[in-house]
Structures are given as C-alpha cells and as structure tokens.
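Printed here is input_18.cif (mmCIF, C-alpha atoms):
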```cif
data_target
loop_
_atom_site.label_atom_id
_atom_site.label_comp_id
_atom_site.auth_asym_id
_atom_site.auth_seq_id
_atom_site.Cartn_x
_atom_site.Cartn_y
_atom_site.Cartn_z
CA MET A 1411 71.24 207.38 -49.12
CA ARG A 1412 73.39 207.98 -52.22
CA ASP A 1413 77.02 207.56 -51.48
CA THR A 1414 80.26 208.26 -53.30
CA ASN A 1415 81.96 205.36 -51.60
CA SER A 1416 80.66 202.58 -53.79
CA ASN A 1417 83.10 199.84 -52.75
CA PRO A 1418 80.76 197.03 -51.64
CA ASN A 1419 83.34 195.73 -49.18
CA GLN A 1420 83.34 198.96 -47.22
CA PRO A 1421 80.51 200.55 -45.26
CA SER A 1422 78.89 203.55 -46.91
CA ASP A 1423 79.34 207.02 -45.43
CA GLY A 1424 75.74 206.98 -44.26
CA GLU A 1425 76.20 203.66 -42.49
CA LEU A 1426 79.26 205.05 -40.72
CA VAL A 1427 77.34 208.09 -39.50
CA GLU A 1428 74.57 205.88 -38.17
CA ARG A 1429 77.06 203.55 -36.50
CA PHE A 1430 78.78 206.48 -34.81
CA LEU A 1431 75.46 207.83 -33.57
CA LYS A 1432 74.86 204.44 -31.97
CA GLY A 1433 78.16 204.71 -30.10
CA ASP A 1434 80.71 203.09 -32.42
CA LYS A 1435 83.72 205.43 -32.21
CA THR A 1436 85.67 203.54 -34.87
CA ALA A 1437 83.07 204.70 -37.37
CA LEU A 1438 84.16 208.28 -36.68
CA ASP A 1439 87.78 207.28 -37.37
CA GLU A 1440 86.75 205.94 -40.76
CA LEU A 1441 84.71 209.03 -41.63
CA LEU A 1442 87.58 211.30 -40.65
CA GLN A 1443 89.94 209.13 -42.66
CA ARG A 1444 87.74 209.66 -45.71
CA TYR A 1445 87.01 213.36 -45.36
CA TYR A 1446 89.36 215.09 -42.93
CA SER A 1447 92.03 216.16 -45.42
CA ARG A 1448 89.49 217.21 -48.02
CA VAL A 1449 87.50 219.41 -45.66
CA TYR A 1450 90.72 220.74 -44.14
CA ARG A 1451 92.08 221.80 -47.54
CA LEU A 1452 88.83 223.53 -48.39
CA ALA A 1453 88.53 225.36 -45.06
CA TYR A 1454 92.22 226.22 -44.91
CA GLY A 1455 92.21 227.32 -48.54
CA ILE A 1456 89.56 229.91 -47.74
CA LEU A 1457 90.48 230.85 -44.17
CA ARG A 1458 94.28 230.50 -44.33
CA ASN A 1459 94.46 229.67 -40.65
CA PRO A 1460 95.01 226.14 -39.29
CA GLN A 1461 93.12 226.71 -36.05
CA ASP A 1462 90.09 228.12 -37.84
CA ALA A 1463 90.19 225.20 -40.29
CA GLU A 1464 90.12 222.72 -37.40
CA GLU A 1465 87.22 224.52 -35.76
CA VAL A 1466 85.34 224.36 -39.06
CA ILE A 1467 85.86 220.59 -39.36
CA GLN A 1468 84.63 220.08 -35.82
CA GLU A 1469 81.49 222.12 -36.53
CA VAL A 1470 80.92 220.39 -39.86
CA PHE A 1471 80.89 216.91 -38.36
CA LEU A 1472 78.74 217.98 -35.42
CA ARG A 1473 76.23 219.49 -37.84
CA VAL A 1474 76.25 216.37 -39.99
CA PHE A 1475 75.53 214.20 -36.96
CA GLN A 1476 72.82 216.54 -35.69
CA LYS A 1477 71.12 217.05 -39.03
CA LEU A 1478 71.32 213.58 -40.49
CA GLU A 1479 67.54 213.42 -40.25
CA SER A 1480 67.24 216.43 -42.55
CA PHE A 1481 69.46 214.87 -45.21
CA LYS A 1482 67.09 213.71 -47.89
CA GLY A 1483 69.53 211.65 -49.88
CA GLU A 1484 68.81 213.62 -53.05
CA SER A 1485 72.50 214.31 -53.44
CA SER A 1486 75.46 212.15 -52.49
CA PHE A 1487 76.66 212.20 -48.90
CA SER A 1488 79.96 213.82 -49.91
CA SER A 1489 78.14 216.61 -51.78
CA TRP A 1490 76.04 217.25 -48.70
CA LEU A 1491 79.13 217.24 -46.48
CA TYR A 1492 80.91 219.69 -48.80
CA ARG A 1493 77.86 221.95 -48.74
CA VAL A 1494 77.83 221.98 -44.94
CA ALA A 1495 81.62 222.58 -44.98
CA ILE A 1496 81.34 225.54 -47.36
CA ASN A 1497 78.52 227.15 -45.37
CA THR A 1498 80.40 226.66 -42.11
CA THR A 1499 83.60 228.08 -43.62
CA TYR A 1500 81.80 231.17 -44.95
CA MET A 1501 80.14 231.70 -41.55
CA LYS A 1502 83.53 231.55 -39.86
CA LEU A 1503 84.87 234.02 -42.39
CA ARG A 1504 82.01 236.43 -41.76
CA ASP A 1505 82.56 236.19 -38.01
CA ARG A 1506 86.21 236.95 -38.53
CA LYS A 1507 86.32 239.79 -41.01
CA GLY A 1508 82.87 240.81 -42.16
CA VAL A 1509 81.55 240.37 -45.69
CA SER A 1510 84.11 240.09 -48.48
CA THR A 1511 84.44 243.33 -50.41
CA PHE A 1512 85.77 241.88 -53.65
CA SER A 1513 83.02 241.02 -56.10
CA PHE A 1514 82.52 238.80 -59.12
CA ASP A 1515 82.24 241.88 -61.30
CA GLN A 1516 85.74 242.99 -60.45
CA VAL A 1517 87.12 239.67 -61.61
CA GLY A 1518 84.78 239.82 -64.61
CA LYS A 1519 86.63 242.91 -65.81
CA LEU A 1520 89.60 240.73 -66.63
CA LEU A 1521 87.86 239.11 -69.53
CA ASP A 1522 88.99 238.18 -72.97
CA GLU A 1523 90.08 241.48 -74.48
CA GLU A 1524 92.29 242.41 -71.56
CA MET A 1525 93.83 238.97 -71.55
CA ILE A 1526 94.60 239.25 -75.21
CA LYS A 1527 96.13 242.69 -74.73
CA SER A 1528 98.34 241.63 -71.85
CA GLY A 1529 99.39 238.31 -73.30
CA SER A 1530 101.07 239.36 -76.53
CA GLY A 1531 104.62 238.35 -77.17
CA GLU A 1532 106.50 235.60 -78.86
CA TRP A 1533 106.24 232.16 -77.29
CA VAL A 1534 109.65 230.65 -76.84
CA SER A 1535 109.72 227.92 -74.25
CA ARG A 1536 112.96 227.34 -72.44
CA PRO A 1537 113.97 223.73 -71.94
CA ASP A 1538 114.60 224.07 -68.22
CA ASP A 1539 111.28 224.12 -66.42
CA GLU A 1540 111.47 226.87 -63.87
CA LEU A 1541 107.79 226.96 -63.09
CA LEU A 1542 107.58 225.46 -59.67
CA THR A 1543 109.77 227.95 -57.97
CA GLU A 1544 109.28 229.75 -54.73
CA GLU A 1545 108.85 232.99 -56.65
CA ALA A 1546 105.87 231.68 -58.63
CA LEU A 1547 104.27 230.18 -55.54
CA LYS A 1548 104.66 233.47 -53.70
CA ILE A 1549 103.03 235.39 -56.56
CA ILE A 1550 100.13 232.96 -56.86
CA SER A 1551 99.56 232.90 -53.09
CA GLU A 1552 99.20 236.69 -53.09
CA ALA A 1553 96.88 236.49 -56.10
CA ILE A 1554 94.73 233.81 -54.43
CA ASP A 1555 94.20 236.18 -51.50
CA GLN A 1556 92.64 238.67 -53.92
CA LEU A 1557 90.15 236.19 -55.36
CA PRO A 1558 86.56 236.30 -54.07
CA ASP A 1559 85.82 233.37 -51.81
CA ASP A 1560 83.26 231.77 -54.16
CA PHE A 1561 85.89 231.71 -56.90
CA LYS A 1562 88.43 230.13 -54.56
CA THR A 1563 85.86 227.50 -53.60
CA VAL A 1564 85.24 226.52 -57.23
CA LEU A 1565 88.98 226.32 -57.92
CA ILE A 1566 89.69 224.20 -54.83
CA LEU A 1567 86.85 221.76 -55.51
CA ARG A 1568 87.63 221.49 -59.20
CA ASP A 1569 91.41 221.81 -59.53
CA VAL A 1570 92.65 220.56 -56.15
CA GLU A 1571 90.02 218.00 -55.12
CA GLY A 1572 89.41 216.92 -58.70
CA LEU A 1573 85.61 216.95 -58.54
CA SER A 1574 83.73 217.05 -61.83
CA THR A 1575 81.96 220.16 -63.05
CA ASP A 1576 78.60 218.48 -62.38
CA GLU A 1577 79.59 217.58 -58.82
CA VAL A 1578 80.71 221.15 -58.10
CA ALA A 1579 77.49 222.47 -59.62
CA GLU A 1580 75.44 220.19 -57.35
CA ILE A 1581 77.37 221.22 -54.25
CA LEU A 1582 77.13 224.94 -54.96
CA GLY A 1583 73.63 224.96 -56.41
CA LEU A 1584 74.88 226.40 -59.70
CA THR A 1585 74.48 225.35 -63.30
CA PRO A 1586 77.46 223.53 -64.84
CA ALA A 1587 77.87 226.51 -67.19
CA ALA A 1588 78.16 228.87 -64.21
CA VAL A 1589 80.77 226.63 -62.61
CA LYS A 1590 82.82 226.59 -65.81
CA SER A 1591 82.54 230.35 -66.13
CA ARG A 1592 83.78 230.95 -62.57
CA LEU A 1593 86.53 228.40 -63.02
CA HIS A 1594 87.71 230.03 -66.23
CA ARG A 1595 87.57 233.58 -64.86
CA ALA A 1596 89.40 232.57 -61.69
CA ARG A 1597 92.14 230.78 -63.65
CA LEU A 1598 92.51 233.78 -65.98
CA PHE A 1599 92.68 236.14 -63.02
CA LEU A 1600 95.54 234.14 -61.49
CA ARG A 1601 97.26 233.70 -64.85
CA ASP A 1602 97.15 237.43 -65.39
CA LYS A 1603 98.77 238.06 -62.02
CA LEU A 1604 101.58 235.72 -63.06
CA GLU A 1605 102.09 237.40 -66.42
CA ASP A 1606 105.46 238.96 -65.56
CA PHE A 1607 106.68 235.61 -64.29
CA TYR A 1608 105.60 233.87 -67.50
CA LYS A 1609 107.22 236.57 -69.59
CA GLN A 1610 110.53 235.76 -67.93
CA LEU A 1611 109.92 232.04 -68.21
CA PHE A 1612 108.95 231.96 -71.88
CA GLU A 1613 110.95 234.81 -73.28
CA GLY A 1614 113.85 234.96 -70.87
CA GLY A 1615 113.19 238.70 -70.54
CA MET B 707 84.71 224.58 -90.42
CA ARG B 708 85.69 228.26 -90.66
CA SER B 709 88.85 229.37 -88.92
CA LEU B 710 88.53 230.59 -85.36
CA THR B 711 89.73 233.76 -83.68
CA CYS B 712 91.91 233.82 -80.56
CA LYS B 713 88.93 235.11 -78.59
CA GLU B 714 86.82 232.12 -79.61
CA VAL B 715 89.60 229.75 -78.60
CA LEU B 716 89.74 231.45 -75.20
CA GLN B 717 85.98 231.15 -74.78
CA HIS B 718 86.09 227.39 -75.30
CA LEU B 719 89.28 226.75 -73.35
CA VAL B 720 87.78 224.96 -70.33
CA GLU B 721 85.87 222.52 -72.50
CA TYR B 722 88.77 222.12 -74.92
CA LEU B 723 91.17 221.09 -72.16
CA GLU B 724 88.61 218.61 -70.84
CA ASN B 725 87.80 217.14 -74.25
CA GLU B 726 84.16 218.11 -73.97
CA LEU B 727 83.77 219.74 -77.37
CA THR B 728 82.44 218.21 -80.57
CA PRO B 729 85.23 216.59 -82.61
CA GLU B 730 84.82 219.30 -85.27
CA LEU B 731 85.23 222.19 -82.83
CA HIS B 732 88.06 220.45 -80.98
CA GLN B 733 89.90 219.97 -84.24
CA ALA B 734 89.29 223.55 -85.34
CA ILE B 735 90.73 224.83 -82.05
CA GLN B 736 93.68 222.49 -82.31
CA GLY B 737 94.32 223.71 -85.85
CA HIS B 738 94.23 227.32 -84.69
CA ILE B 739 96.59 226.66 -81.79
CA GLU B 740 99.14 224.93 -83.99
CA LYS B 741 99.45 228.06 -86.08
CA CYS B 742 99.07 230.70 -83.36
CA PRO B 743 102.04 231.48 -81.05
CA PHE B 744 99.83 233.72 -78.93
CA CYS B 745 97.37 230.92 -78.14
CA GLN B 746 100.19 228.44 -77.60
CA ARG B 747 101.65 230.73 -74.98
CA LEU B 748 98.28 231.47 -73.43
CA ILE B 749 97.38 227.80 -73.07
CA GLU B 750 100.79 226.87 -71.74
CA SER B 751 100.58 229.59 -69.07
CA TYR B 752 96.94 228.70 -68.32
CA LYS B 753 97.87 225.06 -67.69
CA ARG B 754 100.86 226.06 -65.59
CA THR B 755 98.64 228.34 -63.52
CA ILE B 756 96.38 225.37 -62.73
CA THR B 757 99.43 223.34 -61.67
CA LEU B 758 100.68 226.18 -59.49
CA PHE B 759 97.28 226.59 -57.85
CA GLN B 760 97.22 222.87 -57.11
CA LYS B 761 100.68 223.01 -55.61
CA ALA B 762 99.87 226.09 -53.51
CA ASN B 763 96.74 224.43 -52.12
CA HIS B 764 97.70 220.81 -51.79
CA ILE B 765 98.32 221.03 -48.08
CA GLU B 766 97.90 218.29 -45.53
CA PRO B 767 96.58 218.93 -42.01
CA PRO B 768 99.30 219.44 -39.38
CA GLU B 769 100.48 216.59 -37.20
CA GLY B 770 97.95 215.64 -34.53
CA SER B 771 95.19 217.74 -36.09
CA LYS B 772 92.81 214.87 -36.81
CA GLU B 773 93.15 213.36 -33.33
CA ARG B 774 92.64 216.76 -31.71
CA VAL B 775 89.42 217.39 -33.63
CA LYS B 776 88.18 213.83 -33.09
CA LYS B 777 88.47 214.25 -29.32
CA LYS B 778 86.58 217.54 -29.45
CA ILE B 779 83.79 216.04 -31.57
CA ILE B 780 83.36 213.12 -29.18
CA ALA B 781 83.42 215.41 -26.12
CA GLN B 782 80.80 217.65 -27.70
CA MET B 783 78.59 214.71 -28.65
CA VAL B 784 78.80 213.30 -25.12
CA LYS B 785 77.93 216.72 -23.70
CA GLN B 786 74.90 217.02 -25.96
CA THR B 787 73.68 213.53 -25.05
CA ASP B 788 73.97 214.32 -21.35
CA VAL B 789 71.82 217.45 -21.62
#
```
Just give me the structure as structure tokens.
Amino acid sequence: MRDTNSNPNQPSDGELVERFLKGDKTALDELLQRYYSRVYRLAYGILRNPQDAEEVIQEVFLRVFQKLESFKGESSFSSWLYRVAINTTYMKLRDRKGVSTFSFDQVGKLLDEEMIKSGSGEWVSRPDDELLTEEALKIISEAIDQLPDDFKTVLILRDVEGLSTDEVAEILGLTPAAVKSRLHRARLFLRDKLEDFYKQLFEGG
Amino acid sequence: MRSLTCKEVLQHLVEYLENELTPELHQAIQGHIEKCPFCQRLIESYKRTITLFQKANHIEPPEGSKERVKKKIIAQMVKQTDV
C-alpha cells in the first residue's frame, strides 16, 4: 500500500487501519490525528455546516474501514481517503439541497477578456496593508458561496491543503491541465468579485 | 523571445507563479510584468485573493469534535461486528 506518511519510525496509514480493524483503538487516534482537520476543512468548506462536516468524517472513516479490501494501492492512502471524503461530501450536499445549479460554463464566462476589461486602472500600492480585513473576508466568503462545488474542492485541496497539482489530479481523476484550468478560473472568479475592494486598496478610491 | 501580451501573461499565470515554465518564457513574462502596471496590479490582486481564500478556509474543527466523532465511529464499528 502506497502511503504519504513515509517516516520509517511511524506506522503507515495502512498499518494503522489494519491495527484498528484488529481492535487497537489507539490506531484510530493516530489516524484521526493525521486526517481529521484535513477532512474537516474540506467537508466544512463545501457544506458550511459543522454538524454536517462531522457526519461526513464519521461516514468517511467507516467507509474506509469497510472498503479497505477494495483499495488496490494504486494511489496513495491519503489520495484514496480524499476521494472517499469528496464523494461523501457531495452525497451529503445532494441530500441536503439537490444538485448544484451553478455550472462550470458560468464561471468560464469570466475569462481573460472580461478580466482585462474590469482590471484597468493605475497600480499604486499603499504602504499600509489593509488586505486582511473583515470586509475582504466577508466579500470573499460570499463569493465562495457562488463557486461551483468542484471549483471549491480544487481550491481547498490546492491552496488550503497545499497538495500538488498532480496529487489533486489523481484524487479527482482529472488531468493536471484540467486542475490548473479550474484553479485559475476559480481564483479569477474570486478576484473579480473582490475588484471593488482592490480598487480601494491600490488606488485609494 | 518576442514580447508577450497581457492575455498571454494571464494564460500562463498559474505556471509562472509556481516556477513551472521554461526559463525563457518565465523571463519573458517577468520582463512584461516589470513594464506593465496592469499586469502588476492583476498579479498582486491574484496573489492576495489566494491568501484571502486560505484565510477564509483555514478553519480548525470545534472543541470536542474529534472525540465526538471517534466515539461514534467506534460505536458504529462495534454495532456492525455484533450483527
């Protein structure tokens, strides 16, 4: 079983799963230590509800323990776990609200030319960095809600969890080029929503 | 290398920021950016957007969350074994 935890002094993820299945509860502690926050951020990032995120984690680990036999070891354990987490999160989302109505194509409309049109203006940076303000976080939170879930997933895995393009491609079953394209379009979509904020920040207007 | 347009810079932005381009293309983009206020502003706001997204999503699970879920997983596993 391929494993992202390559420290030889620590048990691999696969060993921990097997130990837990044989009754060693401390192995579950270690697995949760490794993956709980990551899966939580992913599930919460999509579902925006702490209780739903917890239910997803519970289902993810139960599925992993039940389906260990079906894991072929062709990808790393963490990639497999992320895949199960994404599927479980999307299922929860469907149960909750039905299929998302916002499509890739709608985000695709915000491509290059529109960005260039909307972004004109002289670039004058102010010395005081006012970026991380409540105002900007409020704007971006509202914009994130408008992103299709598959775009959010790419952004969370890539920009929050810091996975490589190739790792995200493996998890999502996409080509690296497709991952980069979604990443870029999602970032541009959010950037565009923040345009008024940046105008104030850079131009003081 | 010929000079690039703003649109071309935008198309290569992901790879440029991750240093994945050929040295020639990277340098050509860098040269364009140095002379282009529009691209400077675009890239600055693009990078800040990434930082903001990270900040908006870098949440930790609430207190007691992990223990709560752990108990439920164990209870469910025990239940399944009993059946």
**Request:** Determine which residues of chain B sit within 10 Å of chain A, taking into account only C-alpha atoms, and present them as a PyMOL selection string.
**Result:** chain B and resi 712-714+716-721+742-748+750-768+771-780+782-784+786
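Pairwise distance (CA of Gly737 (chain B), CA of Ala1587 (chain A)) equals 25.0 Å.
What separates CA of Glu1552 (chain A) from CA of Arg1493 (chain A) is a distance of 26.3 Å.
Picked by the PyMOL selection byres ((chain B and resi 736) around 12) from the coordinates shown: Ser709, Leu710, Cys712, Val715, His718, Leu719, Tyr722, Leu723, Asn725, Leu727, Pro729, Glu730, Leu731, His732, Gln733, Ala734, Ile735, Gly737, His738, Ile739, Glu740, Lys741, Cys742, Cys745, Gln746 and Ile749 of chain B.
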Write the residues of the selection above to a file with C-alpha atoms, as a compact mmCIF listing (two decimals), keeping the file's coordinate frame.
```txt
# COMPACT_ATOMS: atom_id res chain seq x y z
CA SER B 709 88.85 229.37 -88.92
CA LEU B 710 88.53 230.59 -85.36
CA CYS B 712 91.91 233.82 -80.56
CA VAL B 715 89.60 229.75 -78.60
CA HIS B 718 86.09 227.39 -75.30
CA LEU B 719 89.28 226.75 -73.35
CA TYR B 722 88.77 222.12 -74.92
CA LEU B 723 91.17 221.09 -72.16
CA ASN B 725 87.80 217.14 -74.25
CA LEU B 727 83.77 219.74 -77.37
CA PRO B 729 85.23 216.59 -82.61
CA GLU B 730 84.82 219.30 -85.27
CA LEU B 731 85.23 222.19 -82.83
CA HIS B 732 88.06 220.45 -80.98
CA GLN B 733 89.90 219.97 -84.24
CA ALA B 734 89.29 223.55 -85.34
CA ILE B 735 90.73 224.83 -82.05
CA GLY B 737 94.32 223.71 -85.85
CA HIS B 738 94.23 227.32 -84.69
CA ILE B 739 96.59 226.66 -81.79
CA GLU B 740 99.14 224.93 -83.99
CA LYS B 741 99.45 228.06 -86.08
CA CYS B 742 99.07 230.70 -83.36
CA CYS B 745 97.37 230.92 -78.14
CA GLN B 746 100.19 228.44 -77.60
CA ILE B 749 97.38 227.80 -73.07
```
**Prompt:** So, counting only C-alpha atoms, which residue among A:Leu1573, A:Leu1478, A:Ile1581, A:Leu1557 is closest to Val1427 (chain A)?
**Reply:** A:Leu1478
**Asked** Rounded to one decimal in Å, what is the spacing between CA of Glu1425 (chain A) and CA of Thr1498 (chain A)?
**Response** 23.4 Å
